[in-house]
Amino acid sequence: MTASGSAGSGVPHLDVDPFDMTFFADPYPAHELLREAGPVVYLDKWKVYGVARYAEVHAVLNDPATFCSSRGVGLSDFKKETPWRPPSLILEADAPAHTRTRAVLSKVLSPTVMKQVRDRFAAAAEERVDALLDKRSFDAITDLAEAYPLSIFPDALGLKAEGREHLIPYASVVFNAFGPPNQLRQEAIERSMPHQAYVAEQCQRENLTPGGFGACIHAQVDEGAITPTEAPLLVRSLLSAGLDTTVNGIGAAVYCLARFPDQWQRLREDLSLARGAFEEAVRFESPVQTFFRTTTREVELSGAKIGEGEKVLMFLAAANRDPRRWDDPDRYDITRRTSGHVGFGSGIHMCVGQLVARLEGEVMLTALARRIAKIEITGEPKRRFNNTLRGLDSLPVTITPA
Amino acid sequence: MPAIIFIHADGKPDRVETSGGESAMQAATRHGVEGILAECGGNAMCATCHVYVDESWLARLPAMADDEDALLDGTAAERRPNSRLSCQITVTSELDGLVLRLPERQI
């Protein structure tokens with residue numbers, strides 16, 4: 001892993017492979033190398049530009065006309081390759097097409113709607129903690145970080161009881177597919193047929209419970225906001241992006257609080273810090289590590305010239321620990337002012353489900369901190385490898401009741 | 001540079017110097033003003049930089065867009081006729097001395 005001088009354009013070329021198992025195992029030295037090599041770098045392995053500093057990541061995210069999403073937010077360029085599934089009408093769309101679909105999802109997942117589901121989400125978190133207190137020793141990923149969102153989100157969306165085991169594997173395919181054609185991506189797509197079939201079926205209007213997020217999206221057809229063929233694809237966006245990400249977010253928060261007992265104590269002393277503790281975990285661990293954009297024209301970014309039709313990889317995780325932007329960035333500090341972190345992105349494509357994620361994180365951490373005195377890691381945490389998501393496969397813990 | 005005055009829920013004022021072209025929310029977070037959370041970082045998605053605009057300034061503010069209006073329905077503290085999201089108020093020289101009152105809570 002080296003920086004091998006710079007090409008004619010002044011952009012340093014690096015032989016870092018950000019989709020390699022050794023990178024995933026410990027991305028931090030590579031993140032530093034990427035940030036320090038220059039504001040814009042070129043990754044020879046996949047022939048893409050990269051930005052890892054906060055300023056450039058933020059700039060790319062906030063210039064969607066130059067750095068578009070409609071040519072795919074993974075390595076695959078939809079102008080040159082057929083996407084593995086029909087493109088998302090929101091994630092893989094530009095304005096003005098994006099504006100309309102985005103407004104529909106914003107409405108379905110608005111602060112007002114969050115107020116309505118808050119008590120239900122909080123009660124489910126309490127129930128989860130009851131179950132964990134009975135066990136005392138458990139896997140914080142399967143029994144907590146997965147079990148909790150699975151106990152509320154599919155119901156909130158309005159899914160049938162059958163087949164929910166497809167949800168996390170489906171999301172895993174989606175996030176692996178943003179990566180390059182490596183083994184992770186190939187295998188995920190090869191095994192995706194049953195998950196794709198399940199998801200396509202659940203997105204249909206007749207399969208969604210009245211009152212849920214899914215039904216609310218379909219109701220927008222009656223308002224004339226979207227067409228009947230668009231609605232199922234927007235429901236699909238919630239199924240793709242709404243579960244595995246919160247699993248990784250809650251997993252990240254528990255992993256942080258277990259590793260940094262002083263922060264856990266602070267949280268126990270002041271439960272109003274729960275929301276901040278979750279947010280800081282999203283900054284610190286960045287469950288969504290990267291996204292691509294594609295240039296729509298020749299552009300100069302921080303002195304680097306990038307041609308039209310080039311893929312630009314944004315290292316969200318590296319930006320979230322850029323010392324140019326954050327004091328003591330490698331410290332998990334639940335009182336940090338995290339506003340402006342790019343763990344949920346930024347700009348018009350910023351995570352539309354961020355309020356759901358924060359609500360889940362906040363009520364879960366509140367319930368844990370209220371009733372548990374200590375969380376101890378009792379075995380080696382195992383990492384889950386994915387081209388886009390960073391999280392654990394298992395985290396054995398023992399808890400002490402308060 | 002224009003300054004704005006945030007008045008906390010307990011009545012304590014906080015005078016904040018803004019820098020060119022920034023929003024009231026950005027000025028507040030840059031100065032660590034408690035009571036402005038700004039979870040979404042200024043992307044008009046979260047309704048956690050809610051403020052009550054001093055009546056005498058209300059008419060001088062830029063008009064409210066539809067998305068801001070919709071978000072204000074979801075604020076944690078009560079929405080009032082003078083409620084705005086501070087991320088949508090760009091501080092120009094005409095707004096020097098703007099008075100914004102902070103609600104009791106943002107979440």
# chains A, B, ... in the order shown; residues from 1 in each chain; ligands from 1

$ interface_residues --of "chain A" --to "chain B" --cutoff "7 Å" --atoms "only C-alpha atoms" --output "list in words"
Pro111, Thr112, Ser339, Gly340, Ser346, Gly347 and Leu355 of chain A

$ write_last_selection --atoms "N, CA, C and O atoms" --output "PDB file, in the first residue's frame"
ATOM      1  N   PRO A 111     -40.545  13.991  10.434  1.00  0.00           N
ATOM      2  CA  PRO A 111     -40.523  14.146  11.899  1.00  0.00           C
ATOM      3  C   PRO A 111     -41.911  13.931  12.518  1.00  0.00           C
ATOM      4  O   PRO A 111     -42.026  13.372  13.610  1.00  0.00           O
ATOM      5  N   THR A 112     -42.944  14.345  11.814  1.00  0.00           N
ATOM      6  CA  THR A 112     -44.306  14.171  12.335  1.00  0.00           C
ATOM      7  C   THR A 112     -44.652  12.686  12.458  1.00  0.00           C
ATOM      8  O   THR A 112     -45.217  12.246  13.466  1.00  0.00           O
ATOM      9  N   SER A 339     -22.999  17.461  14.403  1.00  0.00           N
ATOM     10  CA  SER A 339     -23.698  18.042  13.253  1.00  0.00           C
ATOM     11  C   SER A 339     -22.725  18.257  12.096  1.00  0.00           C
ATOM     12  O   SER A 339     -21.639  18.801  12.284  1.00  0.00           O
ATOM     13  N   GLY A 340     -23.108  17.795  10.913  1.00  0.00           N
ATOM     14  CA  GLY A 340     -22.257  17.961   9.738  1.00  0.00           C
ATOM     15  C   GLY A 340     -21.489  16.709   9.362  1.00  0.00           C
ATOM     16  O   GLY A 340     -20.881  16.658   8.294  1.00  0.00           O
ATOM     17  N   SER A 346     -24.865  13.725   2.721  1.00  0.00           N
ATOM     18  CA  SER A 346     -25.174  15.156   2.807  1.00  0.00           C
ATOM     19  C   SER A 346     -25.796  15.545   1.476  1.00  0.00           C
ATOM     20  O   SER A 346     -25.647  14.824   0.493  1.00  0.00           O
ATOM     21  N   GLY A 347     -26.479  16.683   1.462  1.00  0.00           N
ATOM     22  CA  GLY A 347     -27.070  17.141   0.206  1.00  0.00           C
ATOM     23  C   GLY A 347     -28.375  16.439  -0.121  1.00  0.00           C
ATOM     24  O   GLY A 347     -28.997  15.831   0.753  1.00  0.00           O
ATOM     25  N   LEU A 355     -34.159   9.727  10.212  1.00  0.00           N
ATOM     26  CA  LEU A 355     -34.947   9.956  11.423  1.00  0.00           C
ATOM     27  C   LEU A 355     -35.381   8.634  12.050  1.00  0.00           C
ATOM     28  O   LEU A 355     -35.461   8.505  13.268  1.00  0.00           O
TER      29      LEU A 355
END

$ residues_around --residues "Ser86 in chain B" --least-positions-apart "4" --cutoff "6 Å" --atoms "only C-alpha atoms" --output "CSV table (one decimal) with C-alpha atoms, in the first residue's frame"
chain,number,residue,atom,x,y,z
B,24,ALA,CA,-28.2,31.1,11.5
B,25,MET,CA,-27.9,27.4,12.2
B,49,CYS,CA,-32.6,23.7,14.5

$ closest_residue --among "A:Thr82, A:Thr101, A:Ser137, A:Ser172" --to "Leu243 in chain A" --atoms "only C-alpha atoms"
A:Ser172

$ atom_distance --atom1 "CA of Ile4 in chain B" --atom2 "CA of Thr18 in chain B"
7.3 Å

$ select_by_dssp --residues "chain B" --states "strand (DSSP E)" --output "short mmCIF file (atom, residue, chain, number, x, y, z; two decimals) with C-alpha atoms, in the first residue's frame"
data_model
loop_
_atom_site.label_atom_id
_atom_site.label_comp_id
_atom_site.auth_asym_id
_atom_site.auth_seq_id
_atom_site.Cartn_x
_atom_site.Cartn_y
_atom_site.Cartn_z
CA ALA B 3 -24.37 39.28 14.42
CA ILE B 4 -27.42 37.39 15.68
CA ILE B 5 -28.72 37.06 19.18
CA PHE B 6 -29.96 33.70 20.37
CA ILE B 7 -32.07 33.85 23.51
CA PRO B 13 -28.88 35.79 25.51
CA ASP B 14 -25.98 34.59 23.34
CA ARG B 15 -24.55 36.98 20.76
CA VAL B 16 -23.00 35.22 17.78
CA GLU B 17 -20.92 36.80 15.01
CA HIS B 50 -36.08 25.10 15.33
CA VAL B 51 -36.22 28.75 16.48
CA TYR B 52 -38.87 31.33 17.32
CA VAL B 53 -38.16 34.52 15.40
CA SER B 83 -41.43 29.24 14.06
CA ARG B 84 -38.64 28.79 11.53
CA LEU B 85 -35.77 26.40 10.90
CA LEU B 98 -31.58 39.35 14.36
CA VAL B 99 -33.14 37.93 17.53
CA LEU B 100 -33.97 34.22 17.61
CA ARG B 101 -35.49 32.50 20.66
#

$ residues_around --residues "Val282 in chain A" --least-positions-apart "3" --cutoff "12 Å" --atoms "only C-alpha atoms" --output "ChimeraX atom specification"
/A:245-256,275-279,285-289,316-317,320-321,332-334,338-345,354,357-358,361,389-391 /B:39

$ atom_distance --atom1 "CA of Ala373 in chain A" --atom2 "CA of Ser272 in chain A"
16.6 Å

$ residues_around --residues "Ser19 in chain B" --least-positions-apart "5" --cutoff "9 Å" --atoms "only C-alpha atoms" --output "ChimeraX atom specification"
/B:1-3,27,91
